[in-house]
file upload_7.csv (CSV, N, CA and C atoms)
chain,number,residue,atom,x,y,z
A,1,MET,N,-95.0,-96.6,-65.5
A,1,MET,CA,-94.8,-95.9,-64.3
A,1,MET,C,-94.0,-94.6,-64.7
A,2,ILE,N,-94.4,-93.5,-64.1
A,2,ILE,CA,-93.7,-92.2,-64.2
A,2,ILE,C,-93.5,-91.7,-62.8
A,3,TYR,N,-92.5,-90.8,-62.7
A,3,TYR,CA,-92.2,-90.1,-61.5
A,3,TYR,C,-92.2,-88.6,-61.6
A,4,ASP,N,-92.9,-87.9,-60.8
A,4,ASP,CA,-93.0,-86.5,-60.8
A,4,ASP,C,-91.9,-86.0,-59.7
A,5,HIS,N,-90.8,-85.5,-60.2
A,5,HIS,CA,-89.7,-85.0,-59.4
A,5,HIS,C,-89.9,-83.5,-59.2
A,6,ARG,N,-90.1,-83.1,-58.0
A,6,ARG,CA,-90.3,-81.6,-57.7
A,6,ARG,C,-89.3,-81.1,-56.7
A,7,THR,N,-88.6,-80.0,-57.1
A,7,THR,CA,-87.6,-79.4,-56.3
A,7,THR,C,-88.2,-78.0,-55.9
A,8,TYR,N,-88.2,-77.7,-54.6
A,8,TYR,CA,-88.7,-76.4,-54.2
A,8,TYR,C,-87.5,-75.7,-53.5
A,9,CYS,N,-87.5,-74.4,-53.7
A,9,CYS,CA,-86.4,-73.6,-53.1
A,9,CYS,C,-87.1,-72.6,-52.2
A,10,CYS,N,-86.6,-72.5,-50.9
A,10,CYS,CA,-87.1,-71.5,-50.0
A,10,CYS,C,-86.2,-70.3,-49.8
A,11,ARG,N,-86.7,-69.2,-49.4
A,11,ARG,CA,-85.9,-68.1,-49.0
A,11,ARG,C,-84.9,-68.5,-47.9
A,12,PRO,N,-83.7,-68.0,-47.9
A,12,PRO,CA,-82.7,-68.4,-46.9
A,12,PRO,C,-83.3,-68.2,-45.5
A,13,GLY,N,-83.1,-69.1,-44.6
A,13,GLY,CA,-83.6,-69.0,-43.2
A,13,GLY,C,-85.0,-69.4,-43.0
A,14,THR,N,-85.7,-69.8,-44.1
A,14,THR,CA,-87.2,-70.1,-43.9
A,14,THR,C,-87.5,-71.6,-44.2
A,15,ILE,N,-86.6,-72.4,-44.5
A,15,ILE,CA,-86.9,-73.8,-44.9
A,15,ILE,C,-87.6,-74.5,-43.8
A,16,LYS,N,-87.1,-74.4,-42.6
A,16,LYS,CA,-87.7,-75.1,-41.4
A,16,LYS,C,-89.2,-74.6,-41.2
A,17,LYS,N,-89.4,-73.3,-41.3
A,17,LYS,CA,-90.7,-72.8,-41.2
A,17,LYS,C,-91.7,-73.4,-42.3
A,18,HIS,N,-91.2,-73.4,-43.5
A,18,HIS,CA,-92.0,-73.9,-44.6
A,18,HIS,C,-92.3,-75.4,-44.4
A,19,LEU,N,-91.3,-76.2,-44.0
A,19,LEU,CA,-91.5,-77.6,-43.8
A,19,LEU,C,-92.5,-77.9,-42.7
A,20,ALA,N,-92.5,-77.1,-41.7
A,20,ALA,CA,-93.4,-77.2,-40.6
A,20,ALA,C,-94.8,-76.9,-41.1
A,21,LEU,N,-95.0,-75.8,-41.9
A,21,LEU,CA,-96.3,-75.4,-42.4
A,21,LEU,C,-96.8,-76.5,-43.3
A,22,TYR,N,-96.0,-77.1,-44.2
A,22,TYR,CA,-96.4,-78.1,-45.1
A,22,TYR,C,-96.8,-79.4,-44.3
A,23,ALA,N,-96.0,-79.7,-43.3
A,23,ALA,CA,-96.3,-80.9,-42.5
A,23,ALA,C,-97.6,-80.8,-41.8
A,24,GLU,N,-98.0,-79.7,-41.4
A,24,GLU,CA,-99.2,-79.5,-40.7
A,24,GLU,C,-100.4,-79.3,-41.6
A,25,PHE,N,-100.3,-78.6,-42.7
A,25,PHE,CA,-101.4,-78.2,-43.5
A,25,PHE,C,-101.4,-78.8,-44.9
A,26,GLY,N,-100.3,-79.1,-45.5
A,26,GLY,CA,-100.2,-79.5,-46.8
A,26,GLY,C,-100.1,-81.0,-47.0
A,27,PHE,N,-99.2,-81.7,-46.3
A,27,PHE,CA,-99.0,-83.1,-46.5
A,27,PHE,C,-100.2,-84.0,-46.2
A,28,PRO,N,-101.0,-83.7,-45.2
A,28,PRO,CA,-102.1,-84.6,-44.9
A,28,PRO,C,-103.1,-84.7,-46.2
A,29,ALA,N,-103.3,-83.5,-46.8
A,29,ALA,CA,-104.2,-83.5,-48.0
A,29,ALA,C,-103.5,-84.2,-49.1
A,30,GLN,N,-102.3,-83.9,-49.3
A,30,GLN,CA,-101.5,-84.4,-50.5
A,30,GLN,C,-101.4,-85.9,-50.3
A,31,LYS,N,-101.1,-86.4,-49.2
A,31,LYS,CA,-100.9,-87.8,-48.9
A,31,LYS,C,-102.3,-88.6,-49.1
A,32,ARG,N,-103.3,-88.0,-48.7
A,32,ARG,CA,-104.7,-88.6,-48.8
A,32,ARG,C,-105.0,-88.8,-50.3
A,33,ILE,N,-104.6,-87.9,-51.2
A,33,ILE,CA,-104.9,-87.9,-52.6
A,33,ILE,C,-103.9,-88.6,-53.4
A,34,LEU,N,-102.6,-88.3,-53.2
A,34,LEU,CA,-101.5,-88.8,-54.0
A,34,LEU,C,-100.9,-90.1,-53.4
A,35,GLY,N,-101.1,-90.4,-52.2
A,35,GLY,CA,-100.4,-91.5,-51.5
A,35,GLY,C,-99.1,-91.1,-51.0
A,36,GLU,N,-98.3,-92.1,-50.6
A,36,GLU,CA,-96.9,-91.8,-50.1
A,36,GLU,C,-96.0,-91.3,-51.2
A,37,PRO,N,-95.2,-90.3,-50.9
A,37,PRO,CA,-94.2,-89.9,-51.9
A,37,PRO,C,-93.1,-91.0,-51.9
A,38,LEU,N,-92.4,-91.2,-53.0
A,38,LEU,CA,-91.3,-92.1,-53.1
A,38,LEU,C,-90.1,-91.5,-52.3
A,39,ILE,N,-90.0,-90.2,-52.5
A,39,ILE,CA,-88.9,-89.5,-51.8
A,39,ILE,C,-89.5,-88.1,-51.3
A,40,TYR,N,-89.1,-87.8,-50.1
A,40,TYR,CA,-89.4,-86.5,-49.5
A,40,TYR,C,-88.2,-86.1,-48.7
A,41,ALA,N,-87.3,-85.3,-49.2
A,41,ALA,CA,-86.0,-85.1,-48.6
A,41,ALA,C,-85.5,-83.6,-48.7
A,42,GLN,N,-84.8,-83.2,-47.7
A,42,GLN,CA,-84.2,-81.9,-47.7
A,42,GLN,C,-82.8,-82.0,-48.4
A,43,VAL,N,-82.4,-81.1,-49.2
A,43,VAL,CA,-81.1,-81.1,-49.9
A,43,VAL,C,-80.0,-80.8,-48.8
A,44,GLU,N,-79.0,-81.7,-48.8
A,44,GLU,CA,-77.9,-81.6,-47.9
A,44,GLU,C,-76.7,-80.9,-48.4
A,45,THR,N,-76.4,-81.0,-49.7
A,45,THR,CA,-75.3,-80.2,-50.4
A,45,THR,C,-75.9,-79.5,-51.6
A,46,GLY,N,-75.1,-78.5,-52.0
A,46,GLY,CA,-75.6,-77.7,-53.1
A,46,GLY,C,-76.6,-76.6,-52.5
A,47,ASP,N,-77.7,-76.4,-53.1
A,47,ASP,CA,-78.7,-75.4,-52.6
A,47,ASP,C,-79.4,-76.0,-51.4
A,48,VAL,N,-78.8,-75.7,-50.2
A,48,VAL,CA,-79.4,-76.2,-48.9
A,48,VAL,C,-80.7,-75.6,-48.5
A,49,ASN,N,-81.2,-74.6,-49.3
A,49,ASN,CA,-82.5,-74.1,-49.0
A,49,ASN,C,-83.6,-74.8,-49.8
A,50,SER,N,-83.3,-76.0,-50.3
A,50,SER,CA,-84.2,-76.7,-51.2
A,50,SER,C,-84.6,-78.0,-50.5
A,51,PHE,N,-85.7,-78.5,-51.0
A,51,PHE,CA,-86.2,-79.9,-50.7
A,51,PHE,C,-86.8,-80.5,-51.9
A,52,VAL,N,-86.9,-81.8,-51.9
A,52,VAL,CA,-87.4,-82.5,-53.1
A,52,VAL,C,-88.5,-83.5,-52.7
A,53,HIS,N,-89.5,-83.6,-53.6
A,53,HIS,CA,-90.6,-84.6,-53.5
A,53,HIS,C,-90.5,-85.4,-54.8
A,54,VAL,N,-90.6,-86.7,-54.7
A,54,VAL,CA,-90.8,-87.6,-55.9
A,54,VAL,C,-92.1,-88.4,-55.7
A,55,TRP,N,-93.0,-88.2,-56.6
A,55,TRP,CA,-94.3,-88.9,-56.5
A,55,TRP,C,-94.5,-89.9,-57.6
A,56,PRO,N,-94.8,-91.1,-57.4
A,56,PRO,CA,-95.0,-92.1,-58.4
A,56,PRO,C,-96.4,-92.1,-58.9
A,57,TYR,N,-96.6,-92.3,-60.2
A,57,TYR,CA,-97.9,-92.4,-60.9
A,57,TYR,C,-97.8,-93.5,-61.9
A,58,GLU,N,-99.0,-94.1,-62.2
A,58,GLU,CA,-99.1,-95.1,-63.2
A,58,GLU,C,-98.7,-94.6,-64.6
A,59,ASP,N,-99.2,-93.4,-64.9
A,59,ASP,CA,-98.9,-92.8,-66.2
A,59,ASP,C,-99.3,-91.3,-66.1
A,60,THR,N,-99.2,-90.6,-67.2
A,60,THR,CA,-99.6,-89.2,-67.2
A,60,THR,C,-101.1,-89.0,-67.0
A,61,ALA,N,-101.9,-89.9,-67.4
A,61,ALA,CA,-103.4,-89.7,-67.1
A,61,ALA,C,-103.7,-89.9,-65.6
A,62,ASP,N,-103.0,-90.8,-65.0
A,62,ASP,CA,-103.1,-91.0,-63.5
A,62,ASP,C,-102.7,-89.7,-62.8
A,63,ARG,N,-101.5,-89.2,-63.2
A,63,ARG,CA,-101.0,-88.0,-62.6
A,63,ARG,C,-102.0,-86.8,-62.8
A,64,ALA,N,-102.5,-86.6,-64.0
A,64,ALA,CA,-103.4,-85.5,-64.3
A,64,ALA,C,-104.7,-85.6,-63.5
A,65,ALA,N,-105.2,-86.8,-63.3
A,65,ALA,CA,-106.5,-87.0,-62.6
A,65,ALA,C,-106.3,-86.8,-61.1
A,66,ARG,N,-105.2,-87.3,-60.5
A,66,ARG,CA,-105.0,-87.1,-59.1
A,66,ARG,C,-104.6,-85.6,-58.8
A,67,ARG,N,-103.8,-85.0,-59.7
A,67,ARG,CA,-103.5,-83.6,-59.4
A,67,ARG,C,-104.7,-82.7,-59.6
A,68,ALA,N,-105.6,-83.0,-60.5
A,68,ALA,CA,-106.9,-82.3,-60.6
A,68,ALA,C,-107.7,-82.4,-59.3
A,69,GLN,N,-107.8,-83.7,-58.8
A,69,GLN,CA,-108.5,-83.9,-57.6
A,69,GLN,C,-107.9,-83.1,-56.4
A,70,MET,N,-106.6,-83.1,-56.4
A,70,MET,CA,-105.9,-82.3,-55.3
A,70,MET,C,-106.2,-80.8,-55.4
A,71,ALA,N,-106.1,-80.3,-56.7
A,71,ALA,CA,-106.3,-78.9,-56.9
A,71,ALA,C,-107.7,-78.5,-56.5
A,72,ALA,N,-108.7,-79.4,-56.6
A,72,ALA,CA,-110.1,-79.0,-56.2
A,72,ALA,C,-110.4,-79.3,-54.7
A,73,ASP,N,-109.4,-79.8,-54.0
A,73,ASP,CA,-109.6,-80.2,-52.6
A,73,ASP,C,-109.6,-79.0,-51.7
A,74,PRO,N,-110.6,-78.7,-50.9
A,74,PRO,CA,-110.6,-77.5,-50.0
A,74,PRO,C,-109.4,-77.5,-49.0
A,75,GLU,N,-109.0,-78.6,-48.5
A,75,GLU,CA,-107.9,-78.7,-47.5
A,75,GLU,C,-106.6,-78.3,-48.2
A,76,TRP,N,-106.4,-78.7,-49.4
A,76,TRP,CA,-105.2,-78.4,-50.2
A,76,TRP,C,-105.2,-76.9,-50.6
A,77,GLN,N,-106.4,-76.4,-51.0
A,77,GLN,CA,-106.5,-75.0,-51.3
A,77,GLN,C,-106.2,-74.1,-50.1
A,78,ALA,N,-106.6,-74.5,-48.9
A,78,ALA,CA,-106.3,-73.8,-47.7
A,78,ALA,C,-104.8,-73.7,-47.4
A,79,TYR,N,-104.2,-74.9,-47.7
A,79,TYR,CA,-102.7,-74.9,-47.5
A,79,TYR,C,-102.0,-74.0,-48.5
A,80,LEU,N,-102.4,-74.0,-49.8
A,80,LEU,CA,-101.8,-73.1,-50.8
A,80,LEU,C,-101.9,-71.7,-50.4
A,81,LYS,N,-103.1,-71.3,-49.8
A,81,LYS,CA,-103.3,-69.9,-49.4
A,81,LYS,C,-102.3,-69.6,-48.2
A,82,LYS,N,-102.2,-70.5,-47.2
A,82,LYS,CA,-101.3,-70.2,-46.1
A,82,LYS,C,-99.8,-70.2,-46.6
A,83,SER,N,-99.5,-71.0,-47.5
A,83,SER,CA,-98.1,-71.0,-48.1
A,83,SER,C,-97.8,-69.7,-48.8
A,84,ALA,N,-98.8,-69.3,-49.6
A,84,ALA,CA,-98.6,-68.0,-50.4
A,84,ALA,C,-98.4,-66.8,-49.4
A,85,GLU,N,-99.3,-66.8,-48.4
A,85,GLU,CA,-99.2,-65.7,-47.4
A,85,GLU,C,-97.9,-65.7,-46.6
A,86,ALA,N,-97.4,-66.9,-46.3
A,86,ALA,CA,-96.1,-67.0,-45.6
A,86,ALA,C,-94.9,-66.5,-46.5
A,87,GLY,N,-95.0,-66.8,-47.8
A,87,GLY,CA,-94.0,-66.3,-48.7
A,87,GLY,C,-92.6,-67.0,-48.6
A,88,TYR,N,-92.6,-68.2,-48.1
A,88,TYR,CA,-91.3,-68.9,-47.9
A,88,TYR,C,-90.7,-69.4,-49.2
A,89,LEU,N,-91.6,-69.9,-50.1
A,89,LEU,CA,-91.1,-70.5,-51.4
A,89,LEU,C,-90.7,-69.4,-52.4
A,90,VAL,N,-89.6,-69.6,-53.1
A,90,VAL,CA,-89.2,-68.7,-54.1
A,90,VAL,C,-89.1,-69.3,-55.5
A,91,SER,N,-89.0,-70.7,-55.6
A,91,SER,CA,-89.1,-71.3,-56.9
A,91,SER,C,-89.5,-72.8,-56.7
A,92,GLN,N,-89.9,-73.3,-57.9
A,92,GLN,CA,-90.3,-74.7,-58.0
A,92,GLN,C,-89.9,-75.2,-59.4
A,93,THR,N,-89.3,-76.4,-59.4
A,93,THR,CA,-88.9,-77.0,-60.7
A,93,THR,C,-89.5,-78.4,-60.7
A,94,ASN,N,-90.3,-78.7,-61.8
A,94,ASN,CA,-90.9,-80.0,-61.9
A,94,ASN,C,-90.2,-80.8,-63.1
A,95,LYS,N,-90.0,-82.1,-62.9
A,95,LYS,CA,-89.5,-82.9,-64.0
A,95,LYS,C,-90.3,-84.2,-64.0
A,96,ILE,N,-90.8,-84.7,-65.1
A,96,ILE,CA,-91.4,-86.0,-65.2
A,96,ILE,C,-90.3,-87.0,-65.6
A,97,LEU,N,-90.1,-88.0,-64.8
A,97,LEU,CA,-89.1,-89.0,-65.1
A,97,LEU,C,-89.7,-90.3,-65.5
A,98,MET,N,-89.1,-90.9,-66.5
A,98,MET,CA,-89.6,-92.2,-67.0
A,98,MET,C,-88.5,-93.2,-66.9
A,99,PRO,N,-88.8,-94.3,-66.3
A,99,PRO,CA,-87.8,-95.4,-66.2
A,99,PRO,C,-87.2,-95.8,-67.5
A,100,VAL,N,-86.0,-96.1,-67.5
A,100,VAL,CA,-85.3,-96.6,-68.7
A,100,VAL,C,-85.0,-98.1,-68.5
A,101,PRO,N,-85.4,-98.9,-69.4
A,101,PRO,CA,-85.0,-100.4,-69.2
A,101,PRO,C,-83.5,-100.5,-69.5
A,102,LEU,N,-82.9,-101.3,-68.6
A,102,LEU,CA,-81.5,-101.5,-68.7
A,102,LEU,C,-81.3,-103.0,-69.1
A,103,GLU,N,-80.7,-103.2,-70.2
A,103,GLU,CA,-80.5,-104.6,-70.7
A,103,GLU,C,-79.0,-104.8,-70.9
A,104,ALA,N,-78.5,-106.0,-70.5
A,104,ALA,CA,-77.1,-106.3,-70.6
A,104,ALA,C,-76.8,-106.7,-72.0
call {"tool": "encode", "arguments": {"input": "upload_7.csv", "output": "structure tokens"}}
result
Amino acid sequence: MIYDHRTYCCRPGTIKKHLALYAEFGFPAQKRILGEPLIYAQVETGDVNSFVHVWPYEDTADRAARRAQMAADPEWQAYLKKSAEAGYLVSQTNKILMPVPLEA
């Protein structure tokens, strides 16, 4: 199992607008292809113009296949166009997390 941890930062004053745009046009396509995110949350402290997604995958091959399917999806492509036109996002940071076994 791996986890794709994505942090997005919005221009100040636009996070609610971006989250509404994503909820209407992005999330339905993403959920259809990727399933439910493990975490989808707005940052409460620190950079409050940010939100985080964490998506679970079986492995890197599963992630690559599903992300390729999403990139080719017309509904997702339409969302990306709307998001780019809106210009709310200023940065994105992705991290692949791998569970660490804890043994006593």
call {"tool": "residues_around", "arguments": {"input": "upload_7.csv", "residues": "stretch 49-53 of chain A", "least_positions_apart": "2", "cutoff": "12 Å", "atoms": "only C-alpha atoms", "output": "PyMOL selection string"}}
result
chain A and resi 3-19+22+27+30-31+34+36-47+55-56+88-96
call {"tool": "atom_distance", "arguments": {"input": "upload_7.csv", "atom1": "atom C of A:Gly26", "atom2": "atom C of A:Arg63"}}
result
16.9 Å
call {"tool": "select_by_dssp", "arguments": {"input": "upload_7.csv", "residues": "chain A", "states": "strand (DSSP E)", "output": "NGL selection string"}}
result
:A and (2-10 or 39-42 or 50-57 or 89-97)
call {"tool": "atom_distance", "arguments": {"input": "upload_7.csv", "atom1": "atom CA of A:Asp73", "atom2": "atom CA of A:Asp59"}}
result
21.4 Å
call {"tool": "closest_residue", "arguments": {"input": "upload_7.csv", "among": "A:Ile33, A:Ile2, A:Glu103, A:Ala23", "to": "A:Arg67", "atoms": "only N, CA and C atoms"}}
result
A:Ile33
call {"tool": "atom_distance", "arguments": {"input": "upload_7.csv", "atom1": "atom CA of A:Ala64", "atom2": "atom CA of A:Glu85"}}
result
26.4 Å
call {"tool": "closest_residue", "arguments": {"input": "upload_7.csv", "among": "A:Met1, A:Arg32, A:Lys82, A:Met70", "to": "A:Leu97", "atoms": "only N, CA and C atoms"}}
result
A:Met1
call {"tool": "select_by_dssp", "arguments": {"input": "upload_7.csv", "residues": "chain A", "states": "helix (DSSP H, G or I)", "output": "PyMOL selection string"}}
result
chain A and resi 15-34+60-72+74-86
call {"tool": "build_atoms", "arguments": {"input": "upload_7.csv", "residues": "stretch 68-79 of chain A", "atoms": "all heavy atoms", "output": "short mmCIF file (atom, residue, chain, number, x, y, z; two decimals), in the frame of the given file"}}
result
data_model
loop_
_atom_site.label_atom_id
_atom_site.label_comp_id
_atom_site.auth_asym_id
_atom_site.auth_seq_id
_atom_site.Cartn_x
_atom_site.Cartn_y
_atom_site.Cartn_z
N ALA A 68 -105.60 -83.00 -60.50
CA ALA A 68 -106.90 -82.30 -60.60
C ALA A 68 -107.70 -82.40 -59.30
O ALA A 68 -108.31 -81.47 -58.84
CB ALA A 68 -107.63 -82.72 -61.83
N GLN A 69 -107.80 -83.70 -58.80
CA GLN A 69 -108.50 -83.90 -57.60
C GLN A 69 -107.90 -83.10 -56.40
O GLN A 69 -108.64 -82.49 -55.64
CB GLN A 69 -108.48 -85.39 -57.25
CG GLN A 69 -109.23 -85.76 -55.99
CD GLN A 69 -109.10 -87.24 -55.64
OE1 GLN A 69 -108.51 -88.02 -56.39
NE2 GLN A 69 -109.64 -87.61 -54.51
N MET A 70 -106.60 -83.10 -56.40
CA MET A 70 -105.90 -82.30 -55.30
C MET A 70 -106.20 -80.80 -55.40
O MET A 70 -106.46 -80.12 -54.46
CB MET A 70 -104.43 -82.61 -55.29
CG MET A 70 -103.74 -82.10 -54.05
SD MET A 70 -102.05 -82.67 -53.93
CE MET A 70 -101.30 -81.81 -55.30
N ALA A 71 -106.10 -80.30 -56.70
CA ALA A 71 -106.30 -78.90 -56.90
C ALA A 71 -107.70 -78.50 -56.50
O ALA A 71 -107.93 -77.31 -56.04
CB ALA A 71 -106.10 -78.54 -58.37
N ALA A 72 -108.70 -79.40 -56.60
CA ALA A 72 -110.10 -79.00 -56.20
C ALA A 72 -110.40 -79.30 -54.70
O ALA A 72 -111.42 -78.90 -54.21
CB ALA A 72 -111.04 -79.90 -57.02
N ASP A 73 -109.40 -79.80 -54.00
CA ASP A 73 -109.60 -80.20 -52.60
C ASP A 73 -109.60 -79.00 -51.70
O ASP A 73 -108.56 -78.22 -51.70
CB ASP A 73 -108.54 -81.20 -52.15
CG ASP A 73 -108.76 -81.68 -50.73
OD1 ASP A 73 -109.64 -82.53 -50.54
OD2 ASP A 73 -108.05 -81.20 -49.83
N PRO A 74 -110.60 -78.70 -50.90
CA PRO A 74 -110.60 -77.50 -50.00
C PRO A 74 -109.40 -77.50 -49.00
O PRO A 74 -108.87 -76.39 -48.74
CB PRO A 74 -111.93 -77.58 -49.27
CG PRO A 74 -112.79 -78.46 -50.12
CD PRO A 74 -111.85 -79.41 -50.80
N GLU A 75 -109.00 -78.60 -48.50
CA GLU A 75 -107.90 -78.70 -47.50
C GLU A 75 -106.60 -78.30 -48.20
O GLU A 75 -105.80 -77.51 -47.68
CB GLU A 75 -107.81 -80.06 -46.93
CG GLU A 75 -106.78 -80.18 -45.81
CD GLU A 75 -106.72 -81.60 -45.26
OE1 GLU A 75 -107.55 -82.46 -45.62
OE2 GLU A 75 -105.80 -81.84 -44.46
N TRP A 76 -106.40 -78.70 -49.40
CA TRP A 76 -105.20 -78.40 -50.20
C TRP A 76 -105.20 -76.90 -50.60
O TRP A 76 -104.23 -76.21 -50.51
CB TRP A 76 -105.09 -79.26 -51.45
CG TRP A 76 -103.88 -78.95 -52.26
CD1 TRP A 76 -103.85 -78.37 -53.50
CD2 TRP A 76 -102.51 -79.17 -51.91
NE1 TRP A 76 -102.56 -78.23 -53.92
CE2 TRP A 76 -101.72 -78.72 -52.96
CE3 TRP A 76 -101.90 -79.72 -50.78
CZ2 TRP A 76 -100.33 -78.79 -52.94
CZ3 TRP A 76 -100.51 -79.79 -50.76
CH2 TRP A 76 -99.74 -79.33 -51.83
N GLN A 77 -106.40 -76.40 -51.00
CA GLN A 77 -106.50 -75.00 -51.30
C GLN A 77 -106.20 -74.10 -50.10
O GLN A 77 -105.54 -73.07 -50.25
CB GLN A 77 -107.92 -74.69 -51.85
CG GLN A 77 -108.18 -75.28 -53.21
CD GLN A 77 -109.63 -75.12 -53.65
OE1 GLN A 77 -110.44 -74.48 -52.97
NE2 GLN A 77 -109.95 -75.68 -54.80
N ALA A 78 -106.60 -74.50 -48.90
CA ALA A 78 -106.30 -73.80 -47.70
C ALA A 78 -104.80 -73.70 -47.40
O ALA A 78 -104.27 -72.70 -47.06
CB ALA A 78 -107.09 -74.34 -46.52
N TYR A 79 -104.20 -74.90 -47.70
CA TYR A 79 -102.70 -74.90 -47.50
C TYR A 79 -102.00 -74.00 -48.50
O TYR A 79 -101.12 -73.24 -48.11
CB TYR A 79 -102.17 -76.34 -47.67
CG TYR A 79 -100.71 -76.32 -47.96
CD1 TYR A 79 -99.80 -75.96 -46.97
CD2 TYR A 79 -100.22 -76.57 -49.24
CE1 TYR A 79 -98.44 -75.87 -47.25
CE2 TYR A 79 -98.87 -76.48 -49.52
CZ TYR A 79 -97.99 -76.13 -48.52
OH TYR A 79 -96.65 -76.03 -48.80
#
